[in-house]
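Data file: upload.cif. Format and content: mmCIF, C-alpha atoms.
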data_model
loop_
_atom_site.label_atom_id
_atom_site.label_comp_id
_atom_site.auth_asym_id
_atom_site.auth_seq_id
_atom_site.Cartn_x
_atom_site.Cartn_y
_atom_site.Cartn_z
CA MET A 1 0.00 0.00 0.00
CA ALA A 2 1.31 3.44 -0.86
CA PRO A 3 1.53 6.01 1.93
CA ASP A 4 -0.94 8.23 0.04
CA ASP A 5 -3.59 5.44 0.13
CA LEU A 6 -3.28 4.82 3.87
CA HIS A 7 -6.11 7.19 4.86
CA VAL A 8 -8.45 5.59 2.26
CA PHE A 9 -8.25 2.07 3.74
CA SER A 10 -7.76 2.92 7.42
CA GLN A 11 -8.16 5.67 9.96
CA LEU A 12 -4.40 6.22 10.04
CA SER A 13 -2.64 9.18 8.47
CA THR A 14 0.94 9.91 7.54
CA GLU A 15 3.09 12.82 8.64
CA ASN A 16 6.51 14.08 7.75
CA ILE A 17 8.94 14.40 10.62
CA SER A 18 11.66 17.03 10.46
CA GLN A 19 14.69 16.38 12.59
CA CYS A 20 17.45 18.69 13.76
CA ILE A 21 20.62 18.01 15.70
CA THR A 22 23.22 20.48 16.94
CA ILE A 23 26.79 19.21 16.97
CA ALA A 24 29.85 20.70 18.64
CA TYR A 25 32.29 21.67 15.89
CA SER A 26 34.96 24.33 16.21
CA GLY A 27 36.75 23.77 12.90
CA ALA A 28 36.43 25.75 9.70
CA PHE A 29 33.05 25.36 7.98
CA GLY A 30 34.76 25.18 4.58
CA VAL A 31 36.79 22.14 5.70
CA LEU A 32 33.57 20.32 6.55
CA MET A 33 32.09 21.19 3.17
CA LEU A 34 35.26 20.01 1.40
CA ARG A 35 35.23 16.68 3.27
CA LEU A 36 31.57 16.13 2.41
CA LYS A 37 32.25 16.96 -1.26
CA GLN A 38 34.90 14.24 -1.22
CA MET A 39 32.31 11.72 0.00
CA PHE A 40 29.08 12.77 -1.71
CA GLU A 41 28.37 13.69 -5.31
CA SER A 42 25.97 16.50 -4.56
CA VAL A 43 26.97 19.15 -2.02
CA GLU A 44 25.64 22.62 -2.85
CA SER A 45 26.01 25.92 -1.03
CA LEU A 46 22.74 27.58 -0.08
CA PRO A 47 22.16 31.28 -0.72
CA ASP A 48 22.25 33.45 2.41
CA GLU A 49 18.60 34.49 1.86
CA GLU A 50 17.45 30.90 2.31
CA SER A 51 19.31 30.41 5.60
CA GLU A 52 20.79 32.65 8.26
CA GLY A 53 24.54 32.38 7.77
CA PRO A 54 26.55 29.88 5.76
CA ALA A 55 24.84 26.58 4.93
CA PHE A 56 24.91 23.82 2.36
CA ARG A 57 22.70 20.96 1.25
CA VAL A 58 23.83 17.36 0.81
CA HIS A 59 21.95 15.36 -1.86
CA GLU A 60 18.94 17.65 -1.52
CA ARG A 61 18.07 15.83 1.73
CA LEU A 62 20.32 17.17 4.48
CA THR A 63 21.00 20.80 5.35
CA VAL A 64 24.13 21.66 7.32
CA LYS A 65 24.11 25.15 8.90
CA TYR A 66 26.83 27.11 10.63
CA GLU A 67 25.27 28.18 13.94
CA SER A 68 28.24 29.63 15.87
CA GLU A 69 32.00 29.28 16.21
CA LYS A 70 31.47 26.13 18.26
CA HIS A 71 28.34 24.54 16.76
CA ILE A 72 26.76 23.44 13.52
CA SER A 73 23.25 22.12 13.03
CA LEU A 74 22.00 19.38 10.77
CA HIS A 75 18.40 19.41 9.48
CA TRP A 76 16.61 16.66 7.54
CA ARG A 77 13.22 15.14 6.86
CA SER A 78 13.07 11.74 8.48
CA ASP A 79 13.22 8.72 6.18
CA PRO A 80 15.63 5.78 6.09
CA ILE A 81 17.96 7.27 3.48
CA SER A 82 18.14 10.71 5.08
CA ASP A 83 18.63 9.17 8.53
CA MET A 84 21.56 7.15 7.19
CA GLY A 85 23.04 10.27 5.57
CA SER A 86 22.68 12.27 8.78
CA ASP A 87 24.42 9.51 10.74
CA PHE A 88 27.29 9.66 8.27
CA VAL A 89 27.57 13.46 8.54
CA VAL A 90 27.55 13.31 12.36
CA ALA A 91 30.29 10.65 12.31
CA LEU A 92 32.34 12.73 9.87
CA VAL A 93 32.01 15.88 12.00
CA LEU A 94 33.05 14.02 15.14
CA ASN A 95 36.05 12.53 13.31
CA ILE A 96 37.12 15.92 11.98
CA SER A 97 36.79 17.43 15.46
CA ARG A 98 39.04 14.71 16.85
CA GLU A 99 41.69 15.29 14.15
CA ILE A 100 42.09 19.04 14.74
CA PRO A 101 45.64 19.55 16.00
CA LYS A 102 46.03 21.14 19.37
CA VAL A 103 48.41 24.09 19.64
CA VAL A 104 50.92 23.74 22.47
CA VAL A 105 53.30 26.53 23.39
CA GLU A 106 56.85 25.29 22.91
CA SER A 107 58.10 26.54 26.27
CA GLU A 108 55.39 24.52 28.04
CA GLU A 109 56.42 21.43 26.11
CA ALA A 110 60.08 21.91 27.06
CA THR A 111 59.11 22.40 30.72
CA LYS A 112 57.06 19.19 30.67
CA THR A 113 59.95 17.26 29.12
CA GLU A 114 62.32 18.59 31.77
CA GLU A 115 59.88 17.71 34.57
CA ASN A 116 59.43 14.21 33.17
CA SER A 117 63.19 13.63 33.01
CA LYS A 118 63.57 14.80 36.64
CA LYS A 119 60.78 12.45 37.72
CA ALA A 120 62.40 9.59 35.84
CA GLU A 121 65.74 10.32 37.50
CA LYS A 122 64.11 10.29 40.94
CA VAL A 123 62.44 6.96 40.20
CA VAL A 124 65.73 5.44 39.02
CA HIS A 125 67.45 6.84 42.10
CA ALA A 126 64.86 5.31 44.44
CA LEU A 127 65.06 1.95 42.66
CA LEU A 128 68.84 1.86 42.84
CA VAL A 129 68.83 2.81 46.50
CA SER A 130 66.34 0.04 47.28
CA LEU A 131 68.13 -2.56 45.15
CA LEU A 132 71.75 -1.67 45.85
CA GLU A 133 72.46 -1.18 49.48
CA ASP A 134 76.20 -1.29 48.84
CA GLY A 135 77.35 2.32 49.20
CA GLU A 136 80.40 1.85 46.96
CA VAL A 137 78.35 0.71 43.96
CA TRP A 138 75.97 3.61 44.50
CA ARG A 139 78.81 6.18 44.60
CA GLU A 140 80.24 4.80 41.37
CA TRP A 141 76.86 5.11 39.67
CA GLU A 142 76.41 8.72 40.86
CA THR A 143 79.84 9.76 39.56
CA GLY A 144 79.23 8.14 36.19
CA ASP A 145 81.94 5.49 36.58
CA LYS A 146 81.16 1.99 35.40
CA CYS A 147 79.44 -0.07 38.02
CA ARG A 148 81.21 -3.22 39.05
CA TRP A 149 78.82 -5.95 39.95
CA LYS A 150 79.99 -8.66 42.21
CA CYS A 151 78.20 -11.86 41.35
CA GLY A 152 78.61 -14.82 43.66
CA ALA A 153 82.18 -14.50 44.90
CA SER A 154 83.74 -11.39 46.41
#
Rendering of file as structure tokens:
Amino acid sequence: MAPDDLHVFSQLSTENISQCITIAYSGAFGVLMLRLKQMFESVESLPDEESEGPAFRVHERLTVKYESEKHISLHWRSDPISDMGSDFVVALVLNISREIPKVVVESEEATKTEENSKKAEKVVHALLVSLLEDGEVWREWETGDKCRWKCGAS
């Protein structure tokens, strides 16, 4: 039975459901459009009169809108194909968000490396103190001389 004939043979009616989801995305909107163009054949920019701010349509089913610097929204009419497309776009946006490189100030990175090396040295020091109670071996290790291990006989 076709959806248009449903009301003829029963008391049921059909409705269209429009769905919207807002997704956290702080990357460039053009990057998202480029990635979607790589995956889908039909990705078209929408004129600004039709939507507030930048937006584009994917396969004439999904509309992706730039809401703010940290969010985009995805709008579609619910049907199995559009739902599958929206799931793909959400997955793509979350993947792109995860791939955005984080900027770290170089001086902070150098400080962290220095702190880590000091911590490692303290751990090695504590292990050697606990393992080697012989003061002579310990002094040789501290001065950088080769350690002489006495195995079995003295």
Could you tell me how far atom CA of Arg77 of chain A lies from atom CA of Arg98 of chain A, in Å and to one decimal? 27.7 Å
Nearest to Ser26 of chain A by atom-to-atom distance, counting all atoms listed in the file, from A:Glu41, A:Glu114, A:Asp79, A:Glu69: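 Under the stated criterion, the closest residue is A:Glu69.
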Excluding segment 82-96 of chain A and residues on its chain fewer than 4 positions from it, collect all residues at most 8 Å away from it, counting only C-alpha atoms, and give them as a VMD selection string. chain A and resid 23 25 27 32 36 61 to 62 74 76 to 78 100
Within 7 Å of Ala24 of chain A, counting all atoms listed in the file, which residues show up once you throw out same-chain ones fewer than 5 positions away? Write them as number ranges by chain, please. A: 70-72
May I ask for the distance between atom CA of His59 of chain A and atom CA of Val43 of chain A, given in Å to one decimal place? 6.3 Å
Can you tell me how far atom CA of Glu44 of chain A sits from atom CA of Ser97 of chain A, in Å to one decimal?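 Interatomic distance, atom CA of Glu44 of chain A to atom CA of Ser97 of chain A: 22.1 Å.
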Within 10 Å of Pro54 of chain A, counting all atoms listed in the file, which residues show up once you throw out same-chain ones fewer than 6 positions away? Write them as a list of chain:residue names, please.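 Within the cut-off, the hits are A:Phe29, A:Gly30, A:Ser45, A:Leu46, A:Pro47, A:Asp48, A:Val64, A:Lys65, A:Tyr66, A:Glu67.
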Hey, which of A:Ser68, A:Arg35, A:Pro3, A:Glu60 ends up closest to Ile81 of chain A? Count all atoms listed in the file.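 Going through A:Ser68, A:Arg35, A:Pro3, A:Glu60 one by one, the smallest distance to Ile81 of chain A is for A:Glu60.
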So that all listed atoms of segment 83-92 of chain A fit with 6 Å spare on each side, what axis-aligned box centre and edge lengths in Å, to one decimal, would you give as lines of an AutoDock Vina configuration file?
center_x = 25.5
center_y = 10.3
center_z = 9.0
size_x = 25.7
size_y = 18.3
size_z = 18.8
